[in-house]
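To be precise, the following lines are work-v4.txt, and they hold compact mmCIF, C-alpha atoms.
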```
# COMPACT_ATOMS: atom_id res chain seq x y z
CA MET T 276 130.74 37.48 148.56
CA ALA T 277 127.13 36.53 149.25
CA LYS T 278 125.16 34.94 146.44
CA TYR T 279 121.62 36.19 146.01
CA THR T 280 118.72 34.35 144.46
CA ILE T 281 115.76 35.85 142.68
CA GLY T 282 113.78 35.14 145.84
CA ASP T 283 116.23 37.23 147.88
CA ILE T 284 115.85 40.10 145.43
CA ALA T 285 112.05 39.85 145.67
CA LEU T 286 112.20 39.87 149.49
CA LYS T 287 114.52 42.89 149.64
CA ALA T 288 112.41 44.82 147.11
CA GLY T 289 109.13 43.86 148.77
CA VAL T 290 107.65 42.36 145.59
CA SER T 291 106.80 38.94 144.25
CA ILE T 292 109.26 36.69 142.46
CA ALA T 293 107.09 37.03 139.33
CA THR T 294 107.52 40.82 139.43
CA VAL T 295 111.31 40.48 139.67
CA SER T 296 111.24 38.09 136.73
CA ARG T 297 109.21 40.57 134.66
CA VAL T 298 111.68 43.35 135.46
CA LEU T 299 114.74 41.22 134.64
CA ASN T 300 113.17 40.14 131.34
CA ASN T 301 112.16 43.72 130.49
CA LYS T 302 108.48 42.84 130.35
CA ARG T 303 105.69 45.41 130.31
CA TYR T 304 102.99 45.96 132.94
CA VAL T 305 105.39 46.77 135.78
CA ASN T 306 104.87 50.00 137.70
CA PRO T 307 107.79 52.39 136.92
CA ASP T 308 108.49 52.99 140.62
CA THR T 309 108.46 49.25 141.29
CA ARG T 310 110.75 48.62 138.33
CA GLU T 311 113.20 51.24 139.59
CA ARG T 312 113.15 49.79 143.12
CA VAL T 313 113.81 46.25 141.87
CA LEU T 314 116.65 47.38 139.62
CA ARG T 315 118.22 49.34 142.49
CA VAL T 316 118.15 46.24 144.72
CA VAL T 317 119.59 44.14 141.84
CA GLU T 318 122.45 46.60 141.39
CA GLU T 319 123.18 46.86 145.13
CA ALA T 320 123.20 43.08 145.47
CA GLY T 321 125.37 42.54 142.38
CA PHE T 322 122.81 40.00 141.25
CA VAL T 323 123.46 38.19 137.96
CA PRO T 324 120.46 36.10 136.81
CA ASN T 325 121.16 32.56 135.69
CA VAL T 326 119.89 32.70 132.10
CA ILE T 327 120.13 28.95 131.69
CA ALA T 328 118.04 28.36 134.79
CA SER T 329 115.49 30.93 133.67
CA GLY T 330 115.26 29.17 130.31
CA LEU T 331 114.66 25.84 131.99
CA ALA T 332 111.95 27.38 134.16
CA SER T 333 110.15 29.16 131.35
CA GLY T 334 110.52 26.45 128.73
CA ARG T 335 111.85 29.07 126.30
CA SER T 336 115.59 29.15 125.79
CA ARG T 337 117.40 32.24 124.54
CA PHE T 338 120.37 30.13 123.44
CA LEU T 339 121.09 29.09 119.87
CA GLY T 340 123.60 26.30 119.39
CA ILE T 341 126.30 26.88 116.76
CA LEU T 342 128.36 23.88 115.61
CA VAL T 343 131.58 24.71 113.74
CA PRO T 344 134.20 22.32 112.32
CA SER T 345 137.32 24.23 113.37
CA PHE T 346 138.39 27.82 113.96
CA ALA T 347 141.37 27.10 111.71
CA TRP T 348 139.07 27.16 108.67
CA SER T 349 139.62 30.51 106.97
CA PHE T 350 135.99 31.40 106.39
CA ILE T 351 134.52 30.50 109.80
CA PRO T 352 135.06 34.04 111.21
CA ASP T 353 133.21 35.52 108.21
CA ILE T 354 130.25 33.18 108.69
CA MET T 355 130.19 33.90 112.43
CA TYR T 356 130.21 37.63 111.70
CA GLY T 357 127.02 37.15 109.71
CA VAL T 358 125.52 35.08 112.53
CA SER T 359 126.37 37.77 115.09
CA ALA T 360 124.91 40.52 112.92
CA ALA T 361 121.65 38.58 112.56
CA ILE T 362 121.09 38.10 116.30
CA ALA T 363 122.33 41.56 117.37
CA SER T 364 118.79 42.94 117.50
CA THR T 365 117.33 39.88 119.25
CA GLN T 366 117.52 38.61 122.82
CA HIS T 367 119.22 35.40 121.73
CA GLU T 368 122.69 34.32 122.77
CA LEU T 369 125.04 31.73 121.29
CA LEU T 370 126.42 28.46 122.60
CA LEU T 371 129.39 27.36 120.50
CA TYR T 372 130.31 23.71 119.90
CA THR T 373 133.45 22.70 117.99
CA ILE T 374 133.89 19.37 116.24
CA ASP T 375 137.70 19.46 116.20
CA GLN T 376 137.87 19.29 119.99
CA ILE T 377 136.10 15.93 120.34
CA LYS T 378 137.07 12.38 119.56
CA HIS T 379 135.83 11.07 116.22
CA ASP T 380 134.64 7.83 117.73
CA HIS T 381 131.27 6.64 118.96
CA SER T 382 131.66 7.98 122.52
CA GLY T 383 132.84 11.38 121.33
CA ARG T 384 129.93 11.73 118.95
CA GLU T 385 127.37 10.68 121.53
CA ASP T 386 128.87 13.13 124.03
CA LEU T 387 128.57 15.99 121.53
CA ILE T 388 124.94 15.21 120.72
CA GLY T 389 124.17 14.84 124.42
CA ARG T 390 125.59 18.28 125.19
CA ILE T 391 123.60 19.87 122.36
CA LEU T 392 120.40 18.19 123.57
CA PHE T 393 120.85 18.99 127.26
CA PRO T 394 117.21 19.68 128.17
CA LYS T 395 116.01 23.02 126.83
CA ILE T 396 119.39 24.80 126.91
CA THR T 397 119.31 25.41 123.16
CA ALA T 398 116.26 26.44 121.19
CA GLY T 399 117.81 25.27 117.93
CA LEU T 400 121.08 24.43 116.19
CA LEU T 401 122.97 25.98 113.27
CA ALA T 402 125.43 23.37 112.00
CA ILE T 403 128.24 24.84 109.88
CA PHE T 404 130.02 22.33 107.61
CA PRO T 405 129.54 19.54 110.14
CA GLY T 406 131.10 16.74 108.08
CA GLN T 407 129.55 13.38 107.27
CA TRP T 408 129.45 11.72 110.68
CA ALA T 409 128.08 14.76 112.51
CA ALA T 410 125.61 15.56 109.72
CA GLU T 411 124.00 12.12 110.06
CA HIS T 412 123.33 12.66 113.77
CA ILE T 413 122.19 16.26 113.26
CA ILE T 414 119.71 15.33 110.55
CA HIS T 415 118.17 12.80 112.93
CA LEU T 416 117.83 15.50 115.61
CA HIS T 417 115.69 17.49 113.22
CA THR T 418 113.71 14.76 111.46
CA ASP T 419 112.94 13.02 114.76
CA GLY T 420 111.51 16.28 116.11
CA GLN T 421 114.09 16.66 118.88
CA LEU T 422 115.51 20.04 117.85
CA PRO T 423 115.12 22.62 115.04
CA VAL T 424 118.24 22.46 112.85
CA VAL T 425 119.62 24.44 109.90
CA MET T 426 122.78 23.41 108.07
CA ILE T 427 125.29 25.59 106.26
CA ASP T 428 126.92 22.99 104.09
CA ASP T 429 127.93 22.00 100.58
CA GLN T 430 129.89 18.85 101.34
CA ALA T 431 126.85 16.57 101.25
CA GLU T 432 123.86 16.76 98.93
CA PRO T 433 120.94 18.81 100.27
CA SER T 434 119.14 16.84 102.95
CA ALA T 435 115.58 16.90 104.22
CA ILE T 436 116.30 19.79 106.57
CA PRO T 437 116.73 23.53 105.96
CA TRP T 438 120.04 24.09 104.22
CA VAL T 439 122.13 27.10 103.06
CA SER T 440 125.02 27.05 100.59
CA SER T 441 126.69 28.89 97.74
CA ASP T 442 125.62 28.15 94.17
CA ASN T 443 128.76 26.17 93.35
CA ARG T 444 127.82 25.09 89.84
CA SER T 445 126.89 28.58 88.64
CA GLY T 446 130.01 30.03 90.24
CA ALA T 447 132.31 27.57 88.52
CA TYR T 448 130.52 28.17 85.22
CA THR T 449 131.10 31.92 85.56
CA ALA T 450 134.78 31.43 86.39
CA VAL T 451 135.46 29.26 83.35
CA ARG T 452 133.40 31.45 81.03
CA HIS T 453 135.61 34.34 82.13
CA LEU T 454 138.75 32.43 81.13
CA ILE T 455 137.18 31.45 77.82
CA ALA T 456 136.30 35.10 77.14
CA LEU T 457 139.98 35.92 77.64
CA GLY T 458 140.81 33.57 74.77
CA HIS T 459 141.81 30.40 76.63
CA GLN T 460 140.89 26.98 75.23
CA ARG T 461 143.12 24.55 77.14
CA ILE T 462 141.72 25.15 80.61
CA ALA T 463 142.66 22.76 83.40
CA HIS T 464 140.56 22.13 86.46
CA ILE T 465 141.97 21.23 89.87
CA GLU T 466 138.93 19.83 91.62
CA GLY T 467 138.34 19.23 95.30
CA PRO T 468 137.64 15.79 96.80
CA MET T 469 134.92 14.28 94.63
CA SER T 470 133.24 12.77 97.66
CA TYR T 471 132.08 16.35 98.35
CA PHE T 472 128.91 17.61 96.69
CA CYS T 473 130.47 21.06 96.11
CA SER T 474 133.41 19.50 94.22
CA ARG T 475 131.06 17.65 91.89
CA GLU T 476 128.99 20.79 91.36
CA ARG T 477 132.06 22.89 90.55
CA TYR T 478 133.25 20.26 88.09
CA GLU T 479 129.82 20.30 86.42
CA GLY T 480 130.01 24.08 86.11
CA TYR T 481 133.46 23.76 84.53
CA ARG T 482 132.27 21.05 82.15
CA GLN T 483 129.16 22.99 81.16
CA ALA T 484 131.12 26.14 80.33
CA MET T 485 133.63 24.19 78.24
CA THR T 486 130.94 22.23 76.38
CA GLU T 487 128.86 25.30 75.58
CA ALA T 488 131.95 26.97 74.13
CA GLY T 489 132.62 23.94 71.91
CA LEU T 490 135.73 23.00 73.88
CA SER T 491 136.53 19.42 74.84
CA VAL T 492 137.28 18.46 78.43
CA ASP T 493 140.68 16.78 78.38
CA PRO T 494 140.82 14.18 81.21
CA GLU T 495 144.56 14.85 81.47
CA LEU T 496 143.78 18.40 82.53
CA VAL T 497 141.34 17.47 85.32
CA LEU T 498 143.07 16.54 88.58
CA GLU T 499 141.63 15.88 92.02
CA ALA T 500 143.24 17.40 95.12
CA ASP T 501 142.34 18.13 98.74
CA PHE T 502 141.31 21.82 98.77
CA GLY T 503 144.62 22.69 100.47
CA LEU T 504 147.82 24.41 99.37
CA ASP T 505 149.89 21.22 99.19
CA GLY T 506 147.25 19.46 97.10
CA GLY T 507 147.09 22.37 94.70
CA LYS T 508 150.86 22.52 94.42
CA SER T 509 151.12 18.79 93.68
CA ALA T 510 148.42 18.94 90.99
CA ALA T 511 150.00 22.02 89.41
CA HIS T 512 153.39 20.32 89.18
CA LYS T 513 151.76 17.51 87.19
CA LEU T 514 150.16 20.01 84.83
CA PHE T 515 153.37 22.00 84.41
CA ALA T 516 155.29 18.81 83.66
CA LEU T 517 153.29 18.39 80.44
CA SER T 518 154.84 19.41 77.14
CA PRO T 519 154.26 23.04 76.08
CA GLU T 520 151.70 21.85 73.51
CA GLN T 521 149.74 19.87 76.11
CA ARG T 522 150.16 22.27 79.01
CA PRO T 523 147.07 24.33 79.92
CA THR T 524 147.10 28.06 79.33
CA ALA T 525 144.68 28.57 82.21
CA ILE T 526 143.69 26.79 85.43
CA PHE T 527 140.42 26.92 87.32
CA SER T 528 141.10 25.88 90.91
CA ALA T 529 138.11 24.72 92.96
CA SER T 530 139.45 26.56 96.03
CA ASP T 531 141.67 29.51 96.84
CA GLY T 532 143.83 27.28 99.01
CA MET T 533 144.73 25.09 96.04
CA ALA T 534 145.24 28.21 93.90
CA TYR T 535 147.91 29.38 96.36
CA GLY T 536 149.62 26.05 95.73
CA VAL T 537 149.46 26.67 91.97
CA ILE T 538 151.19 30.04 92.44
CA ALA T 539 153.93 28.39 94.49
CA ALA T 540 154.39 25.59 91.92
CA ALA T 541 154.59 28.07 89.04
CA GLU T 542 157.36 29.96 90.78
CA GLN T 543 159.27 26.72 91.38
CA CYS T 544 158.88 25.75 87.72
CA GLY T 545 159.94 29.14 86.40
CA LEU T 546 156.50 29.91 84.98
CA ARG T 547 154.75 33.26 85.19
CA ILE T 548 151.18 33.85 86.33
CA PRO T 549 149.39 35.14 84.31
CA GLY T 550 152.03 35.38 81.56
CA ASP T 551 152.38 31.63 81.04
CA VAL T 552 149.21 30.41 82.72
CA ALA T 553 146.12 32.28 83.91
CA LEU T 554 144.57 31.31 87.23
CA VAL T 555 141.13 31.62 88.86
CA GLY T 556 140.22 30.33 92.31
CA PHE T 557 137.02 29.85 94.31
CA ASP T 558 136.33 31.36 97.78
CA ASP T 559 137.84 34.85 98.02
CA PHE T 560 139.65 34.37 101.31
CA SER T 561 141.15 37.53 102.76
CA ALA T 562 144.65 36.42 101.69
CA SER T 563 143.59 36.21 98.03
CA SER T 564 143.99 39.95 97.52
CA LEU T 565 147.43 39.85 99.17
CA VAL T 566 149.17 36.99 97.33
CA ARG T 567 151.24 37.93 94.29
CA PRO T 568 149.83 38.00 91.76
CA ALA T 569 146.55 38.89 93.46
CA LEU T 570 144.11 36.06 92.85
CA THR T 571 141.07 36.30 90.60
CA THR T 572 138.40 34.22 92.31
CA MET T 573 134.72 33.50 92.83
CA LYS T 574 133.62 35.16 96.05
CA GLN T 575 131.50 33.00 98.32
CA PRO T 576 129.05 35.09 100.40
CA PHE T 577 130.18 33.70 103.76
CA HIS T 578 128.76 36.63 105.75
CA GLU T 579 125.40 36.25 104.01
CA MET T 580 125.44 32.48 104.57
CA GLY T 581 125.74 33.02 108.31
CA ARG T 582 123.02 35.65 108.35
CA LYS T 583 120.60 33.62 106.23
CA GLY T 584 121.30 30.48 108.23
CA ILE T 585 120.48 32.05 111.57
CA GLU T 586 117.43 33.88 110.18
CA LEU T 587 116.11 30.59 108.83
CA LEU T 588 116.70 28.92 112.19
CA LEU T 589 114.83 31.69 114.02
CA SER T 590 111.94 31.32 111.58
CA LEU T 591 111.87 27.60 112.27
CA ILE T 592 111.84 28.16 116.03
CA GLU T 593 109.16 30.84 115.81
CA SER T 594 106.96 28.55 113.72
CA SER T 595 106.25 26.56 116.87
CA GLN T 596 104.01 27.76 119.66
CA ASP T 597 106.92 27.21 122.00
CA PRO T 598 110.63 26.62 121.15
CA ALA T 599 110.61 23.80 123.68
CA VAL T 600 107.97 21.92 121.68
CA PRO T 601 109.48 19.38 119.25
CA VAL T 602 109.58 20.52 115.64
CA ALA T 603 107.45 17.61 114.50
CA HIS T 604 104.65 18.80 116.81
CA THR T 605 104.26 22.35 115.52
CA PRO T 606 100.65 23.52 115.22
CA ASP T 607 100.85 24.38 111.52
CA PRO T 608 102.16 21.33 109.60
CA GLU T 609 101.85 23.06 106.21
CA LYS T 610 103.99 26.01 107.29
CA GLN T 611 106.45 23.65 108.94
CA GLU T 612 106.79 21.62 105.74
CA ILE T 613 107.61 24.74 103.74
CA ILE T 614 110.32 25.79 106.20
CA ALA T 615 111.72 22.27 106.57
CA SER T 616 112.16 21.89 102.81
CA THR T 617 113.90 25.25 102.37
CA HIS T 618 117.17 25.02 100.46
CA ILE T 619 118.86 28.38 99.92
CA GLN T 620 121.64 28.73 97.34
CA LEU T 621 123.35 32.12 97.41
CA GLU T 622 125.00 33.68 94.36
CA THR T 623 128.78 33.89 94.08
CA LYS T 624 130.55 36.87 92.49
CA LEU T 625 133.54 37.03 90.17
CA ILE T 626 136.33 39.12 91.70
CA VAL T 627 138.80 40.01 88.95
CA ARG T 628 142.43 40.54 89.93
CA ALA T 629 145.83 40.15 88.30
CA SER T 630 146.16 36.33 88.21
CA CYS T 631 143.82 35.86 85.24
CA GLY T 632 145.64 38.37 83.02
CA PHE T 633 142.59 40.56 82.54
CA THR T 634 143.32 44.21 81.67
CA PRO T 635 140.87 47.14 81.40
CA SER T 636 141.48 47.27 77.63
CA GLN T 637 139.71 43.90 77.36
CA GLN T 638 136.41 45.30 78.64
```
Please re-express this file's structure in structure tokens.
Amino acid sequence: MAKYTIGDIALKAGVSIATVSRVLNNKRYVNPDTRERVLRVVEEAGFVPNVIASGLASGRSRFLGILVPSFAWSFIPDIMYGVSAAIASTQHELLLYTIDQIKHDHSGREDLIGRILFPKITAGLLAIFPGQWAAEHIIHLHTDGQLPVVMIDDQAEPSAIPWVSSDNRSGAYTAVRHLIALGHQRIAHIEGPMSYFCSRERYEGYRQAMTEAGLSVDPELVLEADFGLDGGKSAAHKLFALSPEQRPTAIFSASDGMAYGVIAAAEQCGLRIPGDVALVGFDDFSASSLVRPALTTMKQPFHEMGRKGIELLLSLIESSQDPAVPVAHTPDPEKQEIIASTHIQLETKLIVRASCGFTPSQQ
């Protein structure tokens, strides 16, 4: 099958290449008859414009880079749904990069950054939970003026670039206050890796709620795990091995994944949830309404995080005269500074289900 160029289309339609370009990009100021003739030739020729080449030629890319850690992470589809919803009414398209498919060594990292920076292909980058090593490189892309970047992240403390996350501290505070309102005083906390900013924030929310209620934080009831099911199960076994007087009557798990492990451990130990121990998680994964008992949890607004992240990135791109111009060289430094320092924390929401022991009569 013959391959046609934009020049071939222009020749067949009897117009200039610029006119064909205006038609293909749905620009105004094209005679309706001319537009119809060009489109008829395009259809007859089966011509598919090279959008990357057109971006290189115009200096304005329609592509937004999206960097994700792994499709195995439960909430990535929800975040991507928000991203897709945000760009549905725009002319932008997505280029997806995945961290889990590259080597975590120097050459792998340099290769990833090189692909993201391939001249003018991407107008900006939305980095979703990039992890420490990738985050360091990505921050430099933005601060050095090479590429507009927004991060959706709560593993590292907010950096000097636009950043979107859940309000982890407030969410944890709400979760523990809910357990306290149900009459619990010995409340354990299974925290995530304390190298993560979100784990420290969720612990602080737990501690604040306990302190305000006049309850002491027993170090024996605070255990660190890995956010996963096995880590939660191991921590729960340690808690359930305590004497009945020392054992917690409620557990706040810093992730739904670890809460699933608590449910499994309780069954193995012959304990009932919520009869013997109440349980609240943090995330509201889709499986949390399906486990038995259904899990009470703090819902993270993953869809909203994706939408806000991409909207912030588009604002950053549009703040320049041209998306191809480095961020550091935007014509309005004051506006750029406001955007660059934007840190958005979205509210979480308590989703009450059976695992906490709440009943309508307690309202």
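Closest approach to Asp428 of chain T among T:Gln407, T:Ser296, T:Ser470, T:Thr524 is made by T:Gln407 (distances from all atoms listed in the file).
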For this session: May I have the protein, DNA and RNA residues with an atom at most 9 Å from (121.3, 32.1, 123.9), counting only C-alpha atoms in the file's coordinates, returned as a PyMOL selection string?
Result: chain T and resi 326-327+336-340+366-370+396-398
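Between atom CA of Glu622 of chain T and atom CA of Pro352 of chain T the interatomic distance comes to 19.6 Å.
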For this session: Rounded to one decimal place, report the atom CA of Ala288 of chain T-atom CA of Arg312 of chain T distance in Å.
Result: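 Atom CA of Arg312 of chain T lies at a distance of 6.4 Å from atom CA of Ala288 of chain T.
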For this session: For segment 459-461 of chain T, list every protein, DNA or RNA residue within 10 Å, evaluated using all atoms listed in the file, and leave out those in the same chain fewer than 2 positions away; present the list as a PyMOL selection string.
Result: chain T and resi 451-457+463-464+485+488-493+496+520-526+552-553
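For the pair atom CA of Val439 of chain T and atom CA of Arg482 of chain T, the separation is 24.0 Å.
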Problem set entry | Among the residues T:Pro576, T:Leu565, T:Pro468, T:Leu587, the one that comes closest to Arg628 of chain T [using only C-alpha atoms] |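 The shortest atom-to-atom distance to Arg628 of chain T comes from T:Leu565.
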So that I can see what lies close to Leu621 of chain T, please list as a short mmCIF file (atom, residue, chain, number, x, y, z; two decimals) with C-alpha atoms, keeping the file's coordinate frame the residues with an atom at most 7 Å from it, counting only C-alpha atoms and leaving out residues fewer than 5 positions away in the same chain.
```
data_model
loop_
_atom_site.label_atom_id
_atom_site.label_comp_id
_atom_site.auth_asym_id
_atom_site.auth_seq_id
_atom_site.Cartn_x
_atom_site.Cartn_y
_atom_site.Cartn_z
CA SER T 440 125.02 27.05 100.59
CA SER T 441 126.69 28.89 97.74
CA ASP T 442 125.62 28.15 94.17
#
```
For this session: Write out as a PyMOL selection string which residues come within 9 Å of Ala402 of chain T when counting all atoms listed in the file, dropping same-chain ones fewer than 4 positions away.
Result: chain T and resi 340-344+410+413+424-428
